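Asker: If you scroll down you'll find the structure; I have some questions about it.
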Protein chains: 6
Amino acid sequence: MASVKLIEYEEAGPEVRAVYDDIMATRGSAWVNNFWKALAVDPALLERTWTSVKQVMAPGALDPLTKEMLYVAVSATNGCGYCINSHTAAARAKGMTDAMLAELMAVVGMANETNRLVQGFQVELDAAFAEGGRKD
Amino acid sequence: MASVKLIEYEEAGPEVRAVYDDIMATRGSAWVNNFWKALAVDPALLERTWTSVKQVMAPGALDPLTKEMLYVAVSATNGCGYCINSHTAAARAKGMTDAMLAELMAVVGMANETNRLVQGFQVELDAAFAEGGRKD
Amino acid sequence: MASVKLIEYEEAGPEVRAVYDDIMATRGSAWVNNFWKALAVDPALLERTWTSVKQVMAPGALDPLTKEMLYVAVSATNGCGYCINSHTAAARAKGMTDAMLAELMAVVGMANETNRLVQGFQVELDAAFAEGGRKD
Amino acid sequence: MASVKLIEYEEAGPEVRAVYDDIMATRGSAWVNNFWKALAVDPALLERTWTSVKQVMAPGALDPLTKEMLYVAVSATNGCGYCINSHTAAARAKGMTDAMLAELMAVVGMANETNRLVQGFQVELDAAFAEGGRKD
Amino acid sequence: MASVKLIEYEEAGPEVRAVYDDIMATRGSAWVNNFWKALAVDPALLERTWTSVKQVMAPGALDPLTKEMLYVAVSATNGCGYCINSHTAAARAKGMTDAMLAELMAVVGMANETNRLVQGFQVELDAAFAEGGRKD
Amino acid sequence: MASVKLIEYEEAGPEVRAVYDDIMATRGSAWVNNFWKALAVDPALLERTWTSVKQVMAPGALDPLTKEMLYVAVSATNGCGYCINSHTAAARAKGMTDAMLAELMAVVGMANETNRLVQGFQVELDAAFAEGGRKD
């Protein structure tokens, strides 16, 4: 149970309702999930977070499904159960199959393993990888 | 500087050379990066890790560029500088532009933010997201 | 359920009872929470941890409420549910309002976001920030 | 060295310059630090992140120094060197003394220790701490 | 509940059954735990992960109990409840007593504390510790 | 470079000198490493941390080498370079060979991988592992 009261639409003030309305309109859904109802304890926090998420997850140089899978990868690395479940569901709704989820997790697992091997052995960077290989 | 001696090709035994040869052949490159030279302290660790990475990063239900970007997302979340640089370089070699990198980082940043907001407020999972939205 | 048996006051030996008594006296409360009952599996671990926590959380250059909020910030970043709930409750008991909790979480979220952006882009430190700006 | 080119004021477009100008005006300083110059690879990312940081760090229910110390606590827990140095410098500029920094770190250290003890023993939450002790 | 369907022996194909059989034979047990049933969504992921775990956890330069305790230490640091419980149980089955578990946790707690103090103060490495003290 | 001034023996007050003396006597060494010189900014923090580390790392139900290897495992998982190097050096001084270090890292890598796979798939705990398999 959340450490702040979840604000339902009925009891929300106009600022919060405006965000809830935009969440539902953007997603074409008839409900708002608990995360936003918790942030509504502070309407400015709610509005800022939603505006940012909406911008970041919109189609751009990367497509929305790739973005959802990146979100799942971070959430699995951080061990956030709510986030893993909600973004796995969102990725599935955008077309992620079980085969894709399994490969995503395989990469997440391998990256977590080799990240710690690199750090555990304190391997120094090869010159060829300096600056992430940028060419400018 | 690494906490174990990096093993160069010239001084490596046949098991290690076989892995180095496969790394270079698979990548079409003429050198092996420091990570593998550190793992070579234990030929079984080297062989097992390379075989796993090769399998995991091969084309499958996800394409190799998506896999590299997932690797970067995990590495950024774990703060592994070597890994961030090497996989950013690998992603660039597979076609990632600066615009794609910026959107990748925007998702990583946002996911790290909302992961901690969800946990900080201890938000409970919505029924609709249970089991990551699976339908079987 | 904990991986060690929680030791209740009635079954505790004199070393453990002495710590429990000091916890209750220091807090002006009539009970001891589960964390300490788990540490009691090893009386030396219990005594050392309690003595350290008592010292660290006492008023000093920082006031107790600020210290509790810092504890919540770390616990949220580590995703420790028990710790988040117990220290949020402790902060509330010391005067933290919902508005303060929301701003605390906003900072935690933003810090987690920008920490990962800095690392993801491998930004190098500005000279002006070297040594955390110390002047000695 | 960063994995994207840092954008200097002289070479920046009008959107980026507007953000740089606001950063300098808000801080009363004559320069912009590297973090923002890296984000400028994507003007929307730069603008969104700055706007959010500016809002979050403004005086509110918590004062700016407390907010900076919370930022340092999160950054230390995440091991982000750039962030630790830059926010320690910012906290010092707002009045944090060495004595306050030492107590801040003592809390961060203790919280990281007890977070892992709680998780390592899988201690279950006391009823009194449910919902972070909220009363509504 | 897992985000993929757990595959029971009865419904598994021959590749998955072969791994399950080897898990049970290696452990001398009559059942397979949920982790492997989740990985079975992708038989290659299951086979690769089991083969690696089997190799890594086999007796070698370190004994199996020490390896299980290292696994618990990492899992506690990452806050993975399933992993903490399953590897604590495995360590107990190999002879870990409550006294050993308590000392293991004391080290894990202390290491998490001092890791963050070192990073929080950005302490630079002493020359004597360079390269982890290697002598070659 | 550290964010606080490192306190050398010559300039230290009597409380700090007493701790430095005990560190050198306990270790049979003629110098004190930078970590302690940073903590000396706050003599109470220095004294408390040293006393705790000394107790925790002393021989007990676990031997000192096992404890050092657990420290390395946690430090690698947290990516603390100073800590990895200093505790790898300490473990070597207590008898850890390259073969043992390689197996230690193999376990650390594998644990980090499977921790994230378990969390990524949100696998639920098997009844047999409840309470870490305790029997009391």
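Residues in the structure tokens are named by chain (A, B, ... in the order shown) and by number from 1 within that chain; ligands are numbered from 1 in the order shown.
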I'd like the contact shell of Phe121 in chain F - 8 Å cut-off, only C-alpha atoms, skipping same-chain residues fewer than 3 positions apart - returned as a PDB file with C-alpha atoms, in the first residue's frame.
Answerer:
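Wrote it out as selection.pdb, contents follow:
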ATOM      1  CA  MET A 105      15.967 -10.545 -20.697  1.00  0.00           C
TER       2      MET A 105
ATOM      3  CA  ALA E   2       5.811 -14.388 -13.292  1.00  0.00           C
ATOM      4  CA  SER E   3       5.522 -12.368 -16.494  1.00  0.00           C
ATOM      5  CA  VAL E   4       5.836 -15.542 -18.565  1.00  0.00           C
ATOM      6  CA  ALA E  38      10.390 -19.270 -16.288  1.00  0.00           C
TER       7      ALA E  38
ATOM      8  CA  LEU F 117      16.596 -12.577 -14.803  1.00  0.00           C
ATOM      9  CA  VAL F 118      14.574 -13.475 -11.691  1.00  0.00           C
TER      10      VAL F 118
END
Asker: Rotate and translate chain F onto chain D via least squares on all in-order Cα pairs, then write the result as a short mmCIF file (atom, residue, chain, number, x, y, z; two decimals) with N, CA and C atoms, in the first residue's frame.
Answerer:
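The resulting file, selection-v2.cif, is reproduced below:
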data_model
loop_
_atom_site.label_atom_id
_atom_site.label_comp_id
_atom_site.auth_asym_id
_atom_site.auth_seq_id
_atom_site.Cartn_x
_atom_site.Cartn_y
_atom_site.Cartn_z
N MET F 1 36.04 11.44 -21.32
CA MET F 1 35.52 12.29 -22.37
C MET F 1 34.14 11.78 -22.79
N ALA F 2 33.23 12.70 -22.93
CA ALA F 2 31.83 12.35 -23.16
C ALA F 2 31.62 11.60 -24.48
N SER F 3 30.56 10.82 -24.53
CA SER F 3 30.25 10.02 -25.73
C SER F 3 29.49 10.82 -26.77
N VAL F 4 29.21 12.08 -26.49
CA VAL F 4 28.67 13.00 -27.51
C VAL F 4 29.48 14.29 -27.41
N LYS F 5 29.47 15.04 -28.49
CA LYS F 5 30.20 16.30 -28.54
C LYS F 5 29.55 17.31 -27.59
N LEU F 6 30.35 17.95 -26.76
CA LEU F 6 29.81 19.01 -25.90
C LEU F 6 29.58 20.25 -26.76
N ILE F 7 28.41 20.83 -26.61
CA ILE F 7 28.06 22.00 -27.43
C ILE F 7 28.39 23.28 -26.66
N GLU F 8 29.32 24.06 -27.20
CA GLU F 8 29.67 25.35 -26.58
C GLU F 8 28.66 26.41 -27.00
N TYR F 9 28.57 27.44 -26.21
CA TYR F 9 27.60 28.52 -26.46
C TYR F 9 27.74 29.07 -27.88
N GLU F 10 28.99 29.27 -28.27
CA GLU F 10 29.27 29.91 -29.56
C GLU F 10 28.69 29.12 -30.74
N GLU F 11 28.69 27.81 -30.62
CA GLU F 11 28.24 26.99 -31.74
C GLU F 11 26.77 26.54 -31.58
N ALA F 12 26.14 26.95 -30.48
CA ALA F 12 24.78 26.47 -30.20
C ALA F 12 23.75 27.24 -31.01
N GLY F 13 22.65 26.55 -31.31
CA GLY F 13 21.51 27.19 -31.95
C GLY F 13 20.68 27.97 -30.93
N PRO F 14 19.66 28.67 -31.39
CA PRO F 14 18.89 29.54 -30.50
C PRO F 14 18.17 28.81 -29.36
N GLU F 15 17.66 27.60 -29.59
CA GLU F 15 16.97 26.87 -28.52
C GLU F 15 17.94 26.55 -27.38
N VAL F 16 19.12 26.08 -27.78
CA VAL F 16 20.11 25.71 -26.77
C VAL F 16 20.61 26.95 -26.05
N ARG F 17 20.88 28.03 -26.80
CA ARG F 17 21.33 29.27 -26.17
C ARG F 17 20.32 29.79 -25.15
N ALA F 18 19.03 29.64 -25.48
CA ALA F 18 18.01 30.13 -24.54
C ALA F 18 18.09 29.38 -23.22
N VAL F 19 18.33 28.08 -23.28
CA VAL F 19 18.46 27.30 -22.04
C VAL F 19 19.75 27.71 -21.31
N TYR F 20 20.84 27.80 -22.03
CA TYR F 20 22.11 28.20 -21.39
C TYR F 20 21.94 29.56 -20.71
N ASP F 21 21.28 30.48 -21.40
CA ASP F 21 21.06 31.81 -20.81
C ASP F 21 20.26 31.70 -19.51
N ASP F 22 19.24 30.85 -19.53
CA ASP F 22 18.41 30.72 -18.32
C ASP F 22 19.19 30.05 -17.20
N ILE F 23 20.02 29.08 -17.53
CA ILE F 23 20.85 28.44 -16.50
C ILE F 23 21.75 29.50 -15.84
N MET F 24 22.41 30.30 -16.66
CA MET F 24 23.33 31.29 -16.11
C MET F 24 22.59 32.37 -15.32
N ALA F 25 21.42 32.78 -15.83
CA ALA F 25 20.65 33.81 -15.12
C ALA F 25 20.13 33.27 -13.79
N THR F 26 19.62 32.04 -13.81
CA THR F 26 19.07 31.46 -12.58
C THR F 26 20.14 31.31 -11.52
N ARG F 27 21.32 30.93 -11.95
CA ARG F 27 22.41 30.66 -11.01
C ARG F 27 23.27 31.89 -10.74
N GLY F 28 23.05 32.93 -11.50
CA GLY F 28 23.92 34.09 -11.35
C GLY F 28 25.37 33.73 -11.64
N SER F 29 25.57 32.90 -12.66
CA SER F 29 26.95 32.52 -12.99
C SER F 29 27.22 32.82 -14.46
N ALA F 30 28.48 32.81 -14.81
CA ALA F 30 28.87 33.22 -16.16
C ALA F 30 29.22 32.03 -17.06
N TRP F 31 28.95 30.83 -16.60
CA TRP F 31 29.29 29.66 -17.40
C TRP F 31 28.27 28.55 -17.18
N VAL F 32 28.35 27.55 -18.06
CA VAL F 32 27.44 26.41 -18.04
C VAL F 32 28.29 25.16 -17.89
N ASN F 33 27.88 24.25 -17.04
CA ASN F 33 28.74 23.07 -16.82
C ASN F 33 28.50 21.98 -17.86
N ASN F 34 29.46 21.06 -17.92
CA ASN F 34 29.50 20.08 -19.01
C ASN F 34 28.24 19.24 -19.16
N PHE F 35 27.56 18.97 -18.06
CA PHE F 35 26.36 18.14 -18.14
C PHE F 35 25.38 18.71 -19.17
N TRP F 36 25.13 20.01 -19.06
CA TRP F 36 24.17 20.63 -19.98
C TRP F 36 24.70 20.65 -21.41
N LYS F 37 26.01 20.81 -21.55
CA LYS F 37 26.62 20.82 -22.89
C LYS F 37 26.51 19.45 -23.57
N ALA F 38 26.43 18.39 -22.77
CA ALA F 38 26.22 17.06 -23.34
C ALA F 38 24.75 16.88 -23.73
N LEU F 39 23.85 17.29 -22.85
CA LEU F 39 22.42 17.13 -23.17
C LEU F 39 22.03 17.92 -24.42
N ALA F 40 22.81 18.96 -24.72
CA ALA F 40 22.48 19.82 -25.86
C ALA F 40 22.54 19.07 -27.18
N VAL F 41 23.05 17.84 -27.17
CA VAL F 41 22.98 17.02 -28.38
C VAL F 41 21.53 16.89 -28.83
N ASP F 42 20.61 17.03 -27.88
CA ASP F 42 19.17 16.92 -28.17
C ASP F 42 18.48 18.09 -27.45
N PRO F 43 18.21 19.17 -28.18
CA PRO F 43 17.67 20.37 -27.52
C PRO F 43 16.42 20.10 -26.68
N ALA F 44 15.57 19.16 -27.10
CA ALA F 44 14.36 18.87 -26.32
C ALA F 44 14.74 18.23 -24.98
N LEU F 45 15.71 17.34 -25.01
CA LEU F 45 16.18 16.70 -23.78
C LEU F 45 16.79 17.74 -22.84
N LEU F 46 17.58 18.64 -23.41
CA LEU F 46 18.19 19.72 -22.62
C LEU F 46 17.12 20.59 -21.97
N GLU F 47 16.18 21.04 -22.76
CA GLU F 47 15.16 21.97 -22.26
C GLU F 47 14.32 21.30 -21.19
N ARG F 48 13.90 20.07 -21.45
CA ARG F 48 13.03 19.36 -20.50
C ARG F 48 13.75 19.11 -19.18
N THR F 49 15.02 18.67 -19.28
CA THR F 49 15.75 18.35 -18.06
C THR F 49 16.03 19.60 -17.24
N TRP F 50 16.42 20.67 -17.90
CA TRP F 50 16.69 21.90 -17.16
C TRP F 50 15.43 22.45 -16.50
N THR F 51 14.34 22.45 -17.23
CA THR F 51 13.08 22.96 -16.66
C THR F 51 12.69 22.15 -15.43
N SER F 52 12.87 20.83 -15.52
CA SER F 52 12.51 19.97 -14.39
C SER F 52 13.43 20.21 -13.20
N VAL F 53 14.73 20.27 -13.45
CA VAL F 53 15.68 20.49 -12.35
C VAL F 53 15.42 21.84 -11.69
N LYS F 54 15.17 22.84 -12.52
CA LYS F 54 14.91 24.18 -11.97
C LYS F 54 13.68 24.18 -11.05
N GLN F 55 12.62 23.53 -11.50
CA GLN F 55 11.41 23.43 -10.67
C GLN F 55 11.67 22.65 -9.38
N VAL F 56 12.32 21.50 -9.54
CA VAL F 56 12.47 20.59 -8.40
C VAL F 56 13.39 21.20 -7.33
N MET F 57 14.40 21.92 -7.75
CA MET F 57 15.39 22.43 -6.79
C MET F 57 15.04 23.81 -6.22
N ALA F 58 13.94 24.39 -6.69
CA ALA F 58 13.51 25.70 -6.17
C ALA F 58 13.04 25.56 -4.73
N PRO F 59 13.09 26.65 -3.96
CA PRO F 59 12.59 26.60 -2.58
C PRO F 59 11.12 26.21 -2.58
N GLY F 60 10.72 25.41 -1.60
CA GLY F 60 9.33 24.97 -1.51
C GLY F 60 9.09 24.52 -0.07
N ALA F 61 8.51 23.34 0.06
CA ALA F 61 8.32 22.80 1.41
C ALA F 61 9.68 22.42 2.01
N LEU F 62 10.66 22.18 1.16
CA LEU F 62 12.04 21.94 1.61
C LEU F 62 12.91 23.08 1.09
N ASP F 63 13.91 23.44 1.87
CA ASP F 63 14.81 24.53 1.45
C ASP F 63 15.86 24.00 0.48
N PRO F 64 16.46 24.89 -0.31
CA PRO F 64 17.41 24.46 -1.34
C PRO F 64 18.63 23.70 -0.80
N LEU F 65 19.11 24.02 0.39
CA LEU F 65 20.26 23.27 0.90
C LEU F 65 19.87 21.83 1.21
N THR F 66 18.73 21.64 1.84
CA THR F 66 18.27 20.27 2.11
C THR F 66 18.14 19.50 0.80
N LYS F 67 17.61 20.13 -0.21
CA LYS F 67 17.47 19.47 -1.51
C LYS F 67 18.83 19.08 -2.10
N GLU F 68 19.81 19.96 -1.98
CA GLU F 68 21.15 19.62 -2.49
C GLU F 68 21.74 18.44 -1.72
N MET F 69 21.50 18.42 -0.41
CA MET F 69 22.05 17.30 0.37
C MET F 69 21.36 15.99 0.01
N LEU F 70 20.06 16.04 -0.26
CA LEU F 70 19.36 14.83 -0.74
C LEU F 70 19.95 14.37 -2.08
N TYR F 71 20.28 15.33 -2.92
CA TYR F 71 20.87 15.02 -4.24
C TYR F 71 22.22 14.32 -4.04
N VAL F 72 23.01 14.83 -3.11
CA VAL F 72 24.31 14.21 -2.82
C VAL F 72 24.11 12.79 -2.29
N ALA F 73 23.11 12.61 -1.42
CA ALA F 73 22.86 11.29 -0.84
C ALA F 73 22.52 10.26 -1.92
N VAL F 74 21.67 10.64 -2.85
CA VAL F 74 21.32 9.73 -3.95
C VAL F 74 22.55 9.47 -4.83
N SER F 75 23.28 10.52 -5.15
CA SER F 75 24.43 10.39 -6.04
C SER F 75 25.52 9.51 -5.43
N ALA F 76 25.72 9.62 -4.12
CA ALA F 76 26.70 8.75 -3.44
C ALA F 76 26.22 7.30 -3.49
N THR F 77 24.94 7.10 -3.31
CA THR F 77 24.39 5.74 -3.33
C THR F 77 24.50 5.13 -4.73
N ASN F 78 24.41 5.97 -5.74
CA ASN F 78 24.55 5.49 -7.12
C ASN F 78 26.00 5.52 -7.61
N GLY F 79 26.91 6.08 -6.83
CA GLY F 79 28.31 6.10 -7.22
C GLY F 79 28.61 6.94 -8.45
N CYS F 80 27.88 8.04 -8.63
CA CYS F 80 28.12 8.92 -9.79
C CYS F 80 29.09 10.03 -9.39
N GLY F 81 30.35 9.89 -9.79
CA GLY F 81 31.39 10.82 -9.37
C GLY F 81 31.12 12.27 -9.78
N TYR F 82 30.73 12.46 -11.02
CA TYR F 82 30.42 13.83 -11.49
C TYR F 82 29.35 14.45 -10.60
N CYS F 83 28.30 13.68 -10.35
CA CYS F 83 27.13 14.18 -9.60
C CYS F 83 27.51 14.46 -8.15
N ILE F 84 28.30 13.58 -7.55
CA ILE F 84 28.72 13.78 -6.17
C ILE F 84 29.51 15.08 -6.07
N ASN F 85 30.47 15.24 -6.97
CA ASN F 85 31.30 16.45 -6.91
C ASN F 85 30.50 17.72 -7.19
N SER F 86 29.66 17.68 -8.20
CA SER F 86 28.95 18.92 -8.57
C SER F 86 27.92 19.30 -7.51
N HIS F 87 27.22 18.31 -6.95
CA HIS F 87 26.20 18.66 -5.95
C HIS F 87 26.82 18.91 -4.57
N THR F 88 27.97 18.31 -4.28
CA THR F 88 28.67 18.67 -3.04
C THR F 88 29.12 20.13 -3.14
N ALA F 89 29.64 20.50 -4.30
CA ALA F 89 30.04 21.90 -4.51
C ALA F 89 28.84 22.83 -4.38
N ALA F 90 27.71 22.43 -4.95
CA ALA F 90 26.50 23.27 -4.87
C ALA F 90 26.01 23.38 -3.43
N ALA F 91 26.07 22.27 -2.70
CA ALA F 91 25.62 22.32 -1.29
C ALA F 91 26.55 23.22 -0.48
N ARG F 92 27.84 23.12 -0.75
CA ARG F 92 28.78 24.01 -0.04
C ARG F 92 28.47 25.48 -0.35
N ALA F 93 28.18 25.75 -1.61
CA ALA F 93 27.87 27.14 -1.98
C ALA F 93 26.61 27.63 -1.27
N LYS F 94 25.76 26.69 -0.84
CA LYS F 94 24.53 27.07 -0.12
C LYS F 94 24.72 26.99 1.39
N GLY F 95 25.94 26.71 1.85
CA GLY F 95 26.18 26.76 3.30
C GLY F 95 26.56 25.46 3.98
N MET F 96 26.66 24.36 3.25
CA MET F 96 27.03 23.10 3.90
C MET F 96 28.48 23.15 4.39
N THR F 97 28.69 22.85 5.64
CA THR F 97 30.04 22.80 6.21
C THR F 97 30.58 21.37 6.13
N ASP F 98 31.86 21.21 6.43
CA ASP F 98 32.44 19.86 6.49
C ASP F 98 31.72 19.00 7.53
N ALA F 99 31.34 19.62 8.63
CA ALA F 99 30.64 18.85 9.68
C ALA F 99 29.30 18.34 9.17
N MET F 100 28.61 19.16 8.41
CA MET F 100 27.33 18.72 7.84
C MET F 100 27.55 17.64 6.79
N LEU F 101 28.58 17.81 5.96
CA LEU F 101 28.88 16.79 4.95
C LEU F 101 29.21 15.45 5.61
N ALA F 102 29.97 15.51 6.69
CA ALA F 102 30.35 14.27 7.37
C ALA F 102 29.11 13.57 7.95
N GLU F 103 28.19 14.33 8.49
CA GLU F 103 26.98 13.71 9.05
C GLU F 103 26.08 13.19 7.92
N LEU F 104 26.03 13.93 6.84
CA LEU F 104 25.29 13.46 5.67
C LEU F 104 25.84 12.11 5.20
N MET F 105 27.15 12.02 5.10
CA MET F 105 27.76 10.76 4.64
C MET F 105 27.55 9.65 5.66
N ALA F 106 27.58 10.00 6.94
CA ALA F 106 27.35 8.99 7.97
C ALA F 106 25.95 8.38 7.81
N VAL F 107 24.96 9.23 7.52
CA VAL F 107 23.60 8.71 7.31
C VAL F 107 23.56 7.87 6.03
N VAL F 108 24.18 8.35 4.98
CA VAL F 108 24.20 7.60 3.71
C VAL F 108 24.84 6.22 3.92
N GLY F 109 25.94 6.20 4.61
CA GLY F 109 26.63 4.93 4.87
C GLY F 109 25.75 3.98 5.68
N MET F 110 25.19 4.50 6.76
CA MET F 110 24.36 3.67 7.63
C MET F 110 23.12 3.17 6.90
N ALA F 111 22.50 4.03 6.11
CA ALA F 111 21.29 3.62 5.37
C ALA F 111 21.64 2.53 4.36
N ASN F 112 22.77 2.67 3.68
CA ASN F 112 23.16 1.62 2.75
C ASN F 112 23.44 0.31 3.50
N GLU F 113 24.02 0.40 4.69
CA GLU F 113 24.27 -0.81 5.47
C GLU F 113 22.95 -1.47 5.89
N THR F 114 22.08 -0.71 6.51
CA THR F 114 20.86 -1.33 7.05
C THR F 114 19.89 -1.72 5.93
N ASN F 115 19.87 -1.00 4.81
CA ASN F 115 19.05 -1.44 3.66
C ASN F 115 19.42 -2.87 3.28
N ARG F 116 20.70 -3.15 3.24
CA ARG F 116 21.14 -4.48 2.80
C ARG F 116 20.97 -5.53 3.89
N LEU F 117 21.07 -5.12 5.16
CA LEU F 117 20.79 -6.07 6.24
C LEU F 117 19.31 -6.46 6.22
N VAL F 118 18.44 -5.49 6.05
CA VAL F 118 17.00 -5.77 5.99
C VAL F 118 16.70 -6.72 4.84
N GLN F 119 17.27 -6.43 3.68
CA GLN F 119 17.00 -7.27 2.52
C GLN F 119 17.69 -8.62 2.66
N GLY F 120 18.90 -8.61 3.18
CA GLY F 120 19.66 -9.85 3.33
C GLY F 120 18.97 -10.84 4.25
N PHE F 121 18.30 -10.32 5.28
CA PHE F 121 17.56 -11.19 6.21
C PHE F 121 16.07 -11.28 5.81
N GLN F 122 15.68 -10.56 4.78
CA GLN F 122 14.28 -10.59 4.32
C GLN F 122 13.29 -10.31 5.45
N VAL F 123 13.56 -9.24 6.18
CA VAL F 123 12.71 -8.87 7.32
C VAL F 123 11.36 -8.37 6.82
N GLU F 124 10.29 -8.85 7.46
CA GLU F 124 8.97 -8.40 7.01
C GLU F 124 8.52 -7.16 7.77
N LEU F 125 7.73 -6.36 7.09
CA LEU F 125 7.33 -5.06 7.61
C LEU F 125 6.45 -5.19 8.86
N ASP F 126 6.74 -4.37 9.85
CA ASP F 126 5.89 -4.25 11.03
C ASP F 126 4.61 -3.52 10.63
N ALA F 127 3.50 -3.94 11.21
CA ALA F 127 2.21 -3.31 10.89
C ALA F 127 2.24 -1.80 11.15
N ALA F 128 2.96 -1.41 12.16
CA ALA F 128 2.97 0.02 12.54
C ALA F 128 3.60 0.90 11.46
N PHE F 129 4.40 0.31 10.59
CA PHE F 129 5.08 1.09 9.55
C PHE F 129 4.35 1.01 8.21
N ALA F 130 3.27 0.26 8.17
CA ALA F 130 2.55 0.11 6.89
C ALA F 130 2.17 1.47 6.34
N GLU F 131 2.26 1.60 5.01
CA GLU F 131 1.93 2.85 4.33
C GLU F 131 2.76 4.02 4.86
N GLY F 132 3.99 3.71 5.29
CA GLY F 132 4.87 4.78 5.76
C GLY F 132 4.28 5.59 6.88
N GLY F 133 3.39 4.95 7.65
CA GLY F 133 2.83 5.62 8.82
C GLY F 133 1.84 6.72 8.50
N ARG F 134 1.25 6.68 7.29
CA ARG F 134 0.31 7.79 6.97
C ARG F 134 -0.99 7.64 7.75
N LYS F 135 -1.65 8.76 7.96
CA LYS F 135 -2.78 8.80 8.90
C LYS F 135 -4.11 9.08 8.21
N ASP F 136 -4.09 9.40 6.92
CA ASP F 136 -5.34 9.78 6.26
C ASP F 136 -6.23 8.56 6.00
#
Asker: From a DSSP calculation on the backbone, collect every residue of chain A in alpha helix (DSSP H) and output the set as an MDAnalysis selection string.
Answerer: chainID A and resid 14:27 34:39 43:57 64:78 81:93 98:121
